[in-house]
Amino acid sequence: MENKLVDLRDTRFVLYEQLGIEDLCKTEKFADHSKETFEMIINTAEKLAINEFAPVNSEGDEVGCVFSEGKVTCPEVFRSPFQKYCEGGWMSLPDVYDVGGQNAPIAMYFACHELFYAANHALTVYMGLTHSAAKVIEIFGTDEQKRKYMQPLYEGRYSGTMDLTETQAGSDVGAARTKAFKNPDGTYSITGGKIFISSGENNLTENIVHIVLARIEGAPEGTRGLSCFIVPKYRVKDDGTLGESNDLTCAGVEHKMGIHGSPTSVLNFGDNGMCRGELLGPEQKGIVVMFHMMNEQRVLVGLQGQSLGSTAYLHALDFARERKQGGKFGSKDTNQVPIITHPDVRRNLMWMKSYSEGMRALILYTTFCMDMETATADADEKKRWQSIVEMLTPIAKAVSTDKGFDVCTRAIQVHGGYGFCKEYKVEQFARDCKITAIYEGTNGIQAIDLFGRKIRMSNGAAFNTLLSEMKATVEKASKVTGLEPYAAAVGKSISALEEITRFLLEKAAGEDAYLAYSWATPYLEIFGDIVLAWMFIWQAWKAQESMAGCSETDKQFFYAGKIATAKFYIGSVLPAVYGKIGAAREFDRSFLELGESIFLP
């Protein structure tokens, strides 16, 4: 396989055949687009990823970011691909024409960025937060802020960051101590420190725009007292030129397991009392403003995990086809055969293939729902699509990053000893991938978000909306010859999901709430595996339809492969959820018996 970054044939199947993304072009919002423009976008992205991003990935990992005297020097080899990305308009691909965007569907933006993340995760991290910073200023900023900050961010002249985390307040955002004091001119003096800030200091752009959570003097404690501020590295004059350096410094960068080419910075604001920021959005609504960044980032981080898992699978597949070891199974012939013929390796590859393709479908479907929500004018339809996005966001983030990492580790296993060596790329994919399960809200937080908030939204209305979509797909697939037992299996799992949801919610409403919440992560895993089963029965139904009207051998082979992958997942992977469901149903209380004392020496 020439392109070992992304299986674009599968991407196209999801976009055009499963989701029918061309139907978006019938709406007023996307009327300027067509399948032809979508294909042009994908093909151009592939060339940029293969020719510019991928060749500098290993060197960026080796060189890393160098910190000296408050400055960070990024891998020099990143500069050219970064500039070509910006010049090509990729930063604002899904944004409206008024801000210089191309008004493409968000699903297309994600399909292209799977290529970029697979080719060079560390480099593409710079782009994601920059886009989110520009978007949040577009939504909440004043006209002057848009002119000064939004446009340069969309153009890639400035980079952007999201500054939430503090030493004493990791995921507990409400415990933030960074302060803001209002000045007579309407600006705010910012004092405090932030940690784990991706691209917080870099030399790829002429300015850095920090979106900072801080508490205005006198505001209440907790998240409700936080406000959001634009804090540039260099102050921007009214005419758009750069002024003096703001009073913020980089105290260091983290030495990390992976994404070495992406600087993770420690930032200090206002050491000399001269750090100036501008209020973004209303006072004490900072968490609302910031969640617009976080929600986009969470699905994007899910894409990062999926991208690295997907490319790791393709590298393992390529290796397994070429690496010869051992004789043919069941034969006395001692001639060595490719390891892909061995049953254990083949099962590993099938597992990797199924999760890679399932995660891709989940993420593209989630972003497609975002497009449908913006493309429709009907209020009820908007609410329906928005409900599905709300439900799927923590699942897309957590499942894709957990399983993406698992796929990377299995890719190392398929390579054997070679997979542990830097000569082969899979070890870097695993190192780079692990962070995706941690940042933008650890996957444990995603589980609590799903169990503690999302399934309860509007008295369960969002949960029921998603279930109705899943059941409708199963109903259609159950009428397709050959898929009846697999559709029934998916339907059974959806019913089991409903039952365990009711059970855990009942426990969470009473004295057993603590124990019920301890099951949040297994519950998300159950939910995620069943959602992927839904994706697969949907794909099998669509593939069966397409194969029936197809005479080309290569296409028939692809559709047969899609159906076989769906059957493998539903028949061999999905049944494991019943073990987790059964364990949750037992509601074993040993977890509570000794409390924290069990961990004492």
# chains A, B, ... in the order shown; residues from 1 in each chain; ligands from 1
$ residues_around --residues "A:Lys507" --least-positions-apart "5" --cutoff "6 Å" --atoms "only C-alpha atoms" --output "compact mmCIF listing (two decimals) with C-alpha atoms, in the first residue's frame"
# COMPACT_ATOMS: atom_id res chain seq x y z
CA ASP A 512 -24.99 3.85 46.17
CA ALA A 513 -24.09 6.89 44.06
CA ALA A 516 -22.40 3.72 40.64
$ residues_around --residues "A:Ser265" --least-positions-apart "3" --cutoff "9 Å" --atoms "only C-alpha atoms" --output "list in words"
Lys194, Ile195, Phe196, Ile197, Ser198, Ser199, Gly200, Glu201, Cys250, Ala251, Gly252, Val253 and Glu254 of chain A
$ atom_distance --atom1 "atom CA of A:Leu24" --atom2 "atom CA of A:Ala375"
7.5 Å
$ closest_residue --among "A:Ile259, A:Ser546, A:Lys580, A:Asn103" --to "A:Cys65" --atoms "only C-alpha atoms"
A:Ile259
$ select_by_dssp --residues "stretch 297-532 of chain A" --states "alpha helix (DSSP H)" --output "ChimeraX atom specification"
/A:297-322,343-375,379-415,426-433,443-452,461-477,484-508,513-517,520-532
$ residues_around --residues "A:Ala45" --least-positions-apart "3" --cutoff "9 Å" --atoms "only C-alpha atoms" --output "MDAnalysis selection string"
chainID A and resid 40:42 48:50 90 112:113 115:116
$ residues_around --residues "A:Lys29" --least-positions-apart "4" --cutoff "12 Å" --atoms "only C-alpha atoms" --output "short mmCIF file (atom, residue, chain, number, x, y, z; two decimals) with all heavy atoms, in the first residue's frame"
data_model
loop_
_atom_site.label_atom_id
_atom_site.label_comp_id
_atom_site.auth_asym_id
_atom_site.auth_seq_id
_atom_site.Cartn_x
_atom_site.Cartn_y
_atom_site.Cartn_z
N ASP A 23 -25.32 14.99 -0.09
CA ASP A 23 -26.64 15.59 0.17
C ASP A 23 -26.52 16.96 0.84
O ASP A 23 -27.43 17.78 0.74
CB ASP A 23 -27.49 14.67 1.03
CG ASP A 23 -27.96 13.43 0.27
OD1 ASP A 23 -27.88 13.44 -0.97
OD2 ASP A 23 -28.38 12.46 0.93
N LEU A 24 -25.40 17.19 1.53
CA LEU A 24 -25.18 18.50 2.12
C LEU A 24 -25.15 19.59 1.05
O LEU A 24 -25.51 20.74 1.32
CB LEU A 24 -23.87 18.53 2.92
CG LEU A 24 -23.84 17.81 4.26
CD1 LEU A 24 -22.42 17.83 4.83
CD2 LEU A 24 -24.80 18.43 5.26
N CYS A 25 -24.70 19.23 -0.14
CA CYS A 25 -24.58 20.20 -1.23
C CYS A 25 -25.95 20.68 -1.72
O CYS A 25 -26.03 21.68 -2.45
CB CYS A 25 -23.79 19.62 -2.39
SG CYS A 25 -22.15 19.03 -1.91
N HIS A 33 -20.59 23.63 -3.02
CA HIS A 33 -19.72 22.45 -3.08
C HIS A 33 -20.39 21.30 -3.85
O HIS A 33 -21.59 21.30 -4.11
CB HIS A 33 -19.35 21.99 -1.66
CG HIS A 33 -18.39 22.90 -0.99
ND1 HIS A 33 -17.06 22.93 -1.30
CD2 HIS A 33 -18.56 23.86 -0.03
CE1 HIS A 33 -16.44 23.84 -0.55
NE2 HIS A 33 -17.34 24.41 0.23
N PRO A 94 -13.23 24.85 7.09
CA PRO A 94 -14.67 24.72 7.34
C PRO A 94 -15.37 26.03 7.70
O PRO A 94 -16.55 26.02 8.05
CB PRO A 94 -14.72 23.74 8.52
CG PRO A 94 -13.51 24.11 9.31
CD PRO A 94 -12.45 24.55 8.32
N ASP A 95 -14.64 27.15 7.61
CA ASP A 95 -15.19 28.41 8.09
C ASP A 95 -15.78 29.23 6.94
O ASP A 95 -15.49 29.00 5.77
CB ASP A 95 -14.10 29.18 8.84
CG ASP A 95 -13.55 28.37 10.00
OD1 ASP A 95 -14.32 28.11 10.94
OD2 ASP A 95 -12.37 27.96 9.95
N VAL A 96 -16.59 30.21 7.31
CA VAL A 96 -17.35 30.97 6.31
C VAL A 96 -16.43 31.83 5.46
O VAL A 96 -15.32 32.18 5.86
CB VAL A 96 -18.43 31.84 6.99
CG1 VAL A 96 -19.46 30.96 7.68
CG2 VAL A 96 -17.80 32.82 7.97
N TYR A 97 -16.93 32.21 4.30
CA TYR A 97 -16.14 33.01 3.37
C TYR A 97 -15.72 34.35 3.98
O TYR A 97 -14.64 34.86 3.68
CB TYR A 97 -16.95 33.27 2.09
CG TYR A 97 -17.30 32.02 1.31
CD1 TYR A 97 -18.62 31.74 0.98
CD2 TYR A 97 -16.31 31.12 0.93
CE1 TYR A 97 -18.95 30.59 0.26
CE2 TYR A 97 -16.62 29.97 0.21
CZ TYR A 97 -17.95 29.71 -0.12
OH TYR A 97 -18.27 28.57 -0.83
N GLN A 102 -13.31 28.43 3.44
CA GLN A 102 -13.80 27.81 2.21
C GLN A 102 -15.19 27.22 2.38
O GLN A 102 -15.72 26.58 1.48
CB GLN A 102 -12.82 26.73 1.74
CG GLN A 102 -11.42 27.28 1.46
CD GLN A 102 -10.43 26.21 1.09
OE1 GLN A 102 -10.71 25.36 0.26
NE2 GLN A 102 -9.26 26.23 1.72
N ASN A 103 -15.78 27.39 3.59
CA ASN A 103 -17.14 26.96 3.86
C ASN A 103 -17.37 25.48 3.55
O ASN A 103 -18.45 25.07 3.11
CB ASN A 103 -18.14 27.82 3.07
CG ASN A 103 -19.53 27.80 3.68
OD1 ASN A 103 -19.67 27.93 4.90
ND2 ASN A 103 -20.54 27.63 2.87
N ALA A 104 -16.35 24.67 3.76
CA ALA A 104 -16.46 23.23 3.53
C ALA A 104 -17.10 22.57 4.76
O ALA A 104 -17.04 23.11 5.87
CB ALA A 104 -15.10 22.61 3.27
N PRO A 105 -17.71 21.42 4.60
CA PRO A 105 -18.26 20.71 5.77
C PRO A 105 -17.18 20.36 6.79
O PRO A 105 -16.03 20.10 6.42
CB PRO A 105 -18.86 19.44 5.15
CG PRO A 105 -19.13 19.79 3.73
CD PRO A 105 -18.05 20.73 3.33
N ASP A 371 -22.45 19.26 10.86
CA ASP A 371 -22.80 19.90 9.58
C ASP A 371 -24.30 19.95 9.37
O ASP A 371 -24.84 20.96 8.92
CB ASP A 371 -22.13 19.16 8.42
CG ASP A 371 -20.63 19.35 8.37
OD1 ASP A 371 -20.17 20.48 8.63
OD2 ASP A 371 -19.91 18.38 8.10
N MET A 372 -24.97 18.86 9.69
CA MET A 372 -26.43 18.82 9.52
C MET A 372 -27.10 19.85 10.43
O MET A 372 -28.08 20.49 10.04
CB MET A 372 -26.96 17.42 9.83
CG MET A 372 -26.55 16.37 8.81
SD MET A 372 -27.21 16.69 7.16
CE MET A 372 -28.96 16.41 7.44
N GLU A 373 -26.56 20.02 11.63
CA GLU A 373 -27.14 20.99 12.56
C GLU A 373 -27.02 22.42 12.03
O GLU A 373 -27.95 23.22 12.15
CB GLU A 373 -26.43 20.85 13.92
CG GLU A 373 -27.08 21.65 15.04
CD GLU A 373 -26.50 23.04 15.19
OE1 GLU A 373 -25.31 23.22 14.89
OE2 GLU A 373 -27.26 23.95 15.59
N THR A 374 -25.89 22.74 11.42
CA THR A 374 -25.70 24.10 10.89
C THR A 374 -26.41 24.30 9.56
O THR A 374 -26.72 25.44 9.19
CB THR A 374 -24.21 24.42 10.71
OG1 THR A 374 -23.64 23.50 9.77
CG2 THR A 374 -23.46 24.34 12.02
N ALA A 375 -26.68 23.23 8.83
CA ALA A 375 -27.26 23.35 7.49
C ALA A 375 -28.77 23.44 7.49
O ALA A 375 -29.37 23.88 6.51
CB ALA A 375 -26.82 22.17 6.62
N THR A 376 -29.41 23.02 8.59
CA THR A 376 -30.87 23.03 8.63
C THR A 376 -31.39 24.28 9.33
O THR A 376 -30.76 24.79 10.27
CB THR A 376 -31.43 21.78 9.33
OG1 THR A 376 -32.85 21.81 9.29
CG2 THR A 376 -30.98 21.72 10.79
N ALA A 377 -32.52 24.76 8.86
CA ALA A 377 -33.15 25.94 9.47
C ALA A 377 -34.24 25.55 10.45
O ALA A 377 -34.72 26.37 11.23
CB ALA A 377 -33.73 26.84 8.38
#
$ atom_distance --atom1 "atom CA of A:Ala566" --atom2 "atom CA of A:Arg9"
16.1 Å
$ residues_around --residues "A:Arg384" --least-positions-apart "2" --cutoff "9 Å" --atoms "only C-alpha atoms" --output "PDB file with C-alpha atoms, in the first residue's frame"
ATOM      1  CA  GLU A 373     -27.136  20.985  12.564  1.00  0.00           C
ATOM      2  CA  ALA A 379     -35.441  24.302  15.064  1.00  0.00           C
ATOM      3  CA  ASP A 380     -36.481  20.746  15.951  1.00  0.00           C
ATOM      4  CA  GLU A 381     -34.029  19.279  13.458  1.00  0.00           C
ATOM      5  CA  LYS A 382     -31.241  21.465  14.829  1.00  0.00           C
ATOM      6  CA  GLN A 386     -27.189  18.819  18.383  1.00  0.00           C
ATOM      7  CA  SER A 387     -28.401  16.160  20.840  1.00  0.00           C
ATOM      8  CA  ILE A 388     -26.593  13.440  18.902  1.00  0.00           C
ATOM      9  CA  VAL A 389     -23.373  15.477  18.849  1.00  0.00           C
ATOM     10  CA  ALA A 462     -30.739  13.243  24.012  1.00  0.00           C
ATOM     11  CA  THR A 465     -32.694  10.486  20.311  1.00  0.00           C
ATOM     12  CA  LEU A 466     -29.431   8.626  19.778  1.00  0.00           C
TER      13      LEU A 466
END
$ residues_around --residues "A:Lys425" --least-positions-apart "2" --cutoff "10 Å" --atoms "only C-alpha atoms" --output "list in words"
Asn57, Ser58, Thr311, Ala312, His315, Ala316, Ala411, Ile412, Tyr418, Gly419, Phe420, Cys421, Lys422, Glu423, Glu427, Gln428, Phe429 and Ala430 of chain A
$ atom_distance --atom1 "atom CA of A:Leu300" --atom2 "atom CA of A:Thr367"
9.7 Å
$ select_by_dssp --residues "stretch 116-238 of chain A" --states "strand (DSSP E or B)" --output "ChimeraX atom specification"
/A:158-163,166,169,179-182,188-198,207-216,226-232,234-236
$ write_last_selection --atoms "C-alpha atoms" --output "compact mmCIF listing (two decimals), in the first residue's frame"
# COMPACT_ATOMS: atom_id res chain seq x y z
CA TYR A 158 -0.53 33.90 14.77
CA SER A 159 -0.86 30.63 16.68
CA GLY A 160 -3.40 30.07 19.43
CA THR A 161 -3.53 28.27 22.76
CA MET A 162 -6.08 27.26 25.39
CA ASP A 163 -4.91 28.09 28.92
CA GLU A 166 -2.83 25.16 36.80
CA ALA A 169 -6.13 22.79 39.48
CA LYS A 179 -6.47 36.65 38.62
CA ALA A 180 -7.69 39.53 36.48
CA PHE A 181 -7.86 43.16 37.65
CA LYS A 182 -9.78 45.68 35.57
CA TYR A 188 -7.34 43.64 32.50
CA SER A 189 -4.10 42.97 34.33
CA ILE A 190 -3.54 39.20 34.43
CA THR A 191 -1.46 37.50 37.12
CA GLY A 192 -0.89 33.80 37.67
CA GLY A 193 0.48 30.72 35.99
CA LYS A 194 -0.65 27.96 33.67
CA ILE A 195 0.89 24.57 32.91
CA PHE A 196 0.63 21.97 30.13
CA ILE A 197 -0.02 24.63 27.46
CA SER A 198 0.39 23.12 24.00
CA ASN A 207 2.58 36.11 17.61
CA ILE A 208 0.79 33.77 20.01
CA VAL A 209 -2.76 34.42 21.21
CA HIS A 210 -3.52 32.83 24.57
CA ILE A 211 -7.16 32.22 25.52
CA VAL A 212 -6.89 32.34 29.31
CA LEU A 213 -9.33 31.48 32.10
CA ALA A 214 -8.97 33.82 35.09
CA ARG A 215 -11.06 35.16 37.94
CA ILE A 216 -11.85 38.87 38.02
CA LEU A 226 -14.32 32.51 35.86
CA SER A 227 -13.99 34.78 32.85
CA CYS A 228 -12.16 34.35 29.56
CA PHE A 229 -9.41 36.65 28.27
CA ILE A 230 -7.38 37.19 25.12
CA VAL A 231 -3.75 37.54 26.17
CA PRO A 232 -1.31 38.00 23.25
CA TYR A 234 2.98 40.66 21.79
CA ARG A 235 0.47 43.45 22.12
CA VAL A 236 -1.30 44.28 18.88
$ closest_residue --among "A:Ile363, A:Ile581, A:Leu317, A:Leu592" --to "A:Thr11" --atoms "only C-alpha atoms"
A:Ile363
$ closest_residue --among "A:Asp185, A:Glu144, A:Asp449, A:Glu357" --to "A:Lys403" --atoms "only C-alpha atoms"
A:Glu357
$ decode --residues "stretch 34-58 of chain A" --atoms "N, CA, C and O atoms" --output "mmCIF file, in the first residue's frame"
data_model
loop_
_atom_site.group_PDB
_atom_site.id
_atom_site.type_symbol
_atom_site.label_atom_id
_atom_site.label_comp_id
_atom_site.auth_asym_id
_atom_site.auth_seq_id
_atom_site.Cartn_x
_atom_site.Cartn_y
_atom_site.Cartn_z
ATOM 1 N N SER A 34 -19.576 20.331 -4.193
ATOM 2 C CA SER A 34 -20.024 19.138 -4.918
ATOM 3 C C SER A 34 -19.037 18.018 -4.615
ATOM 4 O O SER A 34 -18.002 18.247 -3.966
ATOM 5 N N LYS A 35 -19.342 16.840 -5.100
ATOM 6 C CA LYS A 35 -18.397 15.733 -4.913
ATOM 7 C C LYS A 35 -17.056 16.058 -5.550
ATOM 8 O O LYS A 35 -16.000 15.669 -5.039
ATOM 9 N N GLU A 36 -17.087 16.783 -6.651
ATOM 10 C CA GLU A 36 -15.847 17.147 -7.336
ATOM 11 C C GLU A 36 -14.973 18.031 -6.450
ATOM 12 O O GLU A 36 -13.752 17.826 -6.366
ATOM 13 N N THR A 37 -15.575 19.023 -5.780
ATOM 14 C CA THR A 37 -14.765 19.874 -4.898
ATOM 15 C C THR A 37 -14.286 19.085 -3.688
ATOM 16 O O THR A 37 -13.151 19.276 -3.234
ATOM 17 N N PHE A 38 -15.119 18.169 -3.188
ATOM 18 C CA PHE A 38 -14.688 17.337 -2.063
ATOM 19 C C PHE A 38 -13.488 16.482 -2.458
ATOM 20 O O PHE A 38 -12.525 16.347 -1.691
ATOM 21 N N GLU A 39 -13.533 15.906 -3.627
ATOM 22 C CA GLU A 39 -12.429 15.067 -4.092
ATOM 23 C C GLU A 39 -11.155 15.880 -4.273
ATOM 24 O O GLU A 39 -10.060 15.430 -3.952
ATOM 25 N N MET A 40 -11.304 17.077 -4.786
ATOM 26 C CA MET A 40 -10.142 17.951 -4.959
ATOM 27 C C MET A 40 -9.504 18.254 -3.604
ATOM 28 O O MET A 40 -8.278 18.226 -3.454
ATOM 29 N N ILE A 41 -10.338 18.502 -2.602
ATOM 30 C CA ILE A 41 -9.844 18.803 -1.261
ATOM 31 C C ILE A 41 -9.096 17.597 -0.678
ATOM 32 O O ILE A 41 -7.981 17.725 -0.161
ATOM 33 N N ILE A 42 -9.694 16.417 -0.784
ATOM 34 C CA ILE A 42 -9.057 15.210 -0.231
ATOM 35 C C ILE A 42 -7.730 14.919 -0.933
ATOM 36 O O ILE A 42 -6.714 14.622 -0.283
ATOM 37 N N ASN A 43 -7.728 14.997 -2.258
ATOM 38 C CA ASN A 43 -6.505 14.695 -3.022
ATOM 39 C C ASN A 43 -5.386 15.680 -2.703
ATOM 40 O O ASN A 43 -4.210 15.297 -2.608
ATOM 41 N N THR A 44 -5.734 16.948 -2.547
ATOM 42 C CA THR A 44 -4.725 17.954 -2.226
ATOM 43 C C THR A 44 -4.180 17.733 -0.821
ATOM 44 O O THR A 44 -2.969 17.870 -0.574
ATOM 45 N N ALA A 45 -5.058 17.382 0.106
ATOM 46 C CA ALA A 45 -4.624 17.098 1.480
ATOM 47 C C ALA A 45 -3.684 15.897 1.511
ATOM 48 O O ALA A 45 -2.669 15.902 2.228
ATOM 49 N N GLU A 46 -4.003 14.882 0.743
ATOM 50 C CA GLU A 46 -3.153 13.684 0.703
ATOM 51 C C GLU A 46 -1.745 14.035 0.226
ATOM 52 O O GLU A 46 -0.745 13.590 0.806
ATOM 53 N N LYS A 47 -1.660 14.848 -0.815
ATOM 54 C CA LYS A 47 -0.342 15.233 -1.343
ATOM 55 C C LYS A 47 0.451 16.028 -0.314
ATOM 56 O O LYS A 47 1.651 15.803 -0.125
ATOM 57 N N LEU A 48 -0.222 16.963 0.367
ATOM 58 C CA LEU A 48 0.466 17.763 1.378
ATOM 59 C C LEU A 48 0.955 16.877 2.524
ATOM 60 O O LEU A 48 2.086 17.029 3.007
ATOM 61 N N ALA A 49 0.120 15.947 2.961
ATOM 62 C CA ALA A 49 0.495 15.067 4.067
ATOM 63 C C ALA A 49 1.662 14.164 3.685
ATOM 64 O O ALA A 49 2.620 13.993 4.461
ATOM 65 N N ILE A 50 1.600 13.575 2.500
ATOM 66 C CA ILE A 50 2.639 12.623 2.074
ATOM 67 C C ILE A 50 3.947 13.329 1.732
ATOM 68 O O ILE A 50 5.035 12.875 2.121
ATOM 69 N N ASN A 51 3.857 14.451 1.031
ATOM 70 C CA ASN A 51 5.063 15.101 0.512
ATOM 71 C C ASN A 51 5.713 16.070 1.495
ATOM 72 O O ASN A 51 6.925 16.316 1.408
ATOM 73 N N GLU A 52 4.931 16.625 2.417
ATOM 74 C CA GLU A 52 5.473 17.660 3.298
ATOM 75 C C GLU A 52 5.468 17.279 4.780
ATOM 76 O O GLU A 52 6.456 17.478 5.477
ATOM 77 N N PHE A 53 4.360 16.714 5.265
ATOM 78 C CA PHE A 53 4.250 16.421 6.696
ATOM 79 C C PHE A 53 5.008 15.155 7.090
ATOM 80 O O PHE A 53 5.781 15.161 8.047
ATOM 81 N N ALA A 54 4.754 14.070 6.389
ATOM 82 C CA ALA A 54 5.334 12.777 6.776
ATOM 83 C C ALA A 54 6.865 12.747 6.723
ATOM 84 O O ALA A 54 7.494 12.190 7.636
ATOM 85 N N PRO A 55 7.501 13.335 5.699
ATOM 86 C CA PRO A 55 8.964 13.236 5.622
ATOM 87 C C PRO A 55 9.711 13.872 6.792
ATOM 88 O O PRO A 55 10.868 13.529 7.037
ATOM 89 N N VAL A 56 9.080 14.809 7.517
ATOM 90 C CA VAL A 56 9.788 15.477 8.617
ATOM 91 C C VAL A 56 9.322 14.993 9.987
ATOM 92 O O VAL A 56 9.725 15.543 11.013
ATOM 93 N N ASN A 57 8.501 13.956 10.008
ATOM 94 C CA ASN A 57 7.958 13.479 11.286
ATOM 95 C C ASN A 57 9.048 12.911 12.193
ATOM 96 O O ASN A 57 9.153 13.273 13.362
ATOM 97 N N SER A 58 9.855 12.023 11.663
ATOM 98 C CA SER A 58 10.887 11.375 12.482
ATOM 99 C C SER A 58 11.932 12.379 12.952
ATOM 100 O O SER A 58 12.355 12.345 14.119
#
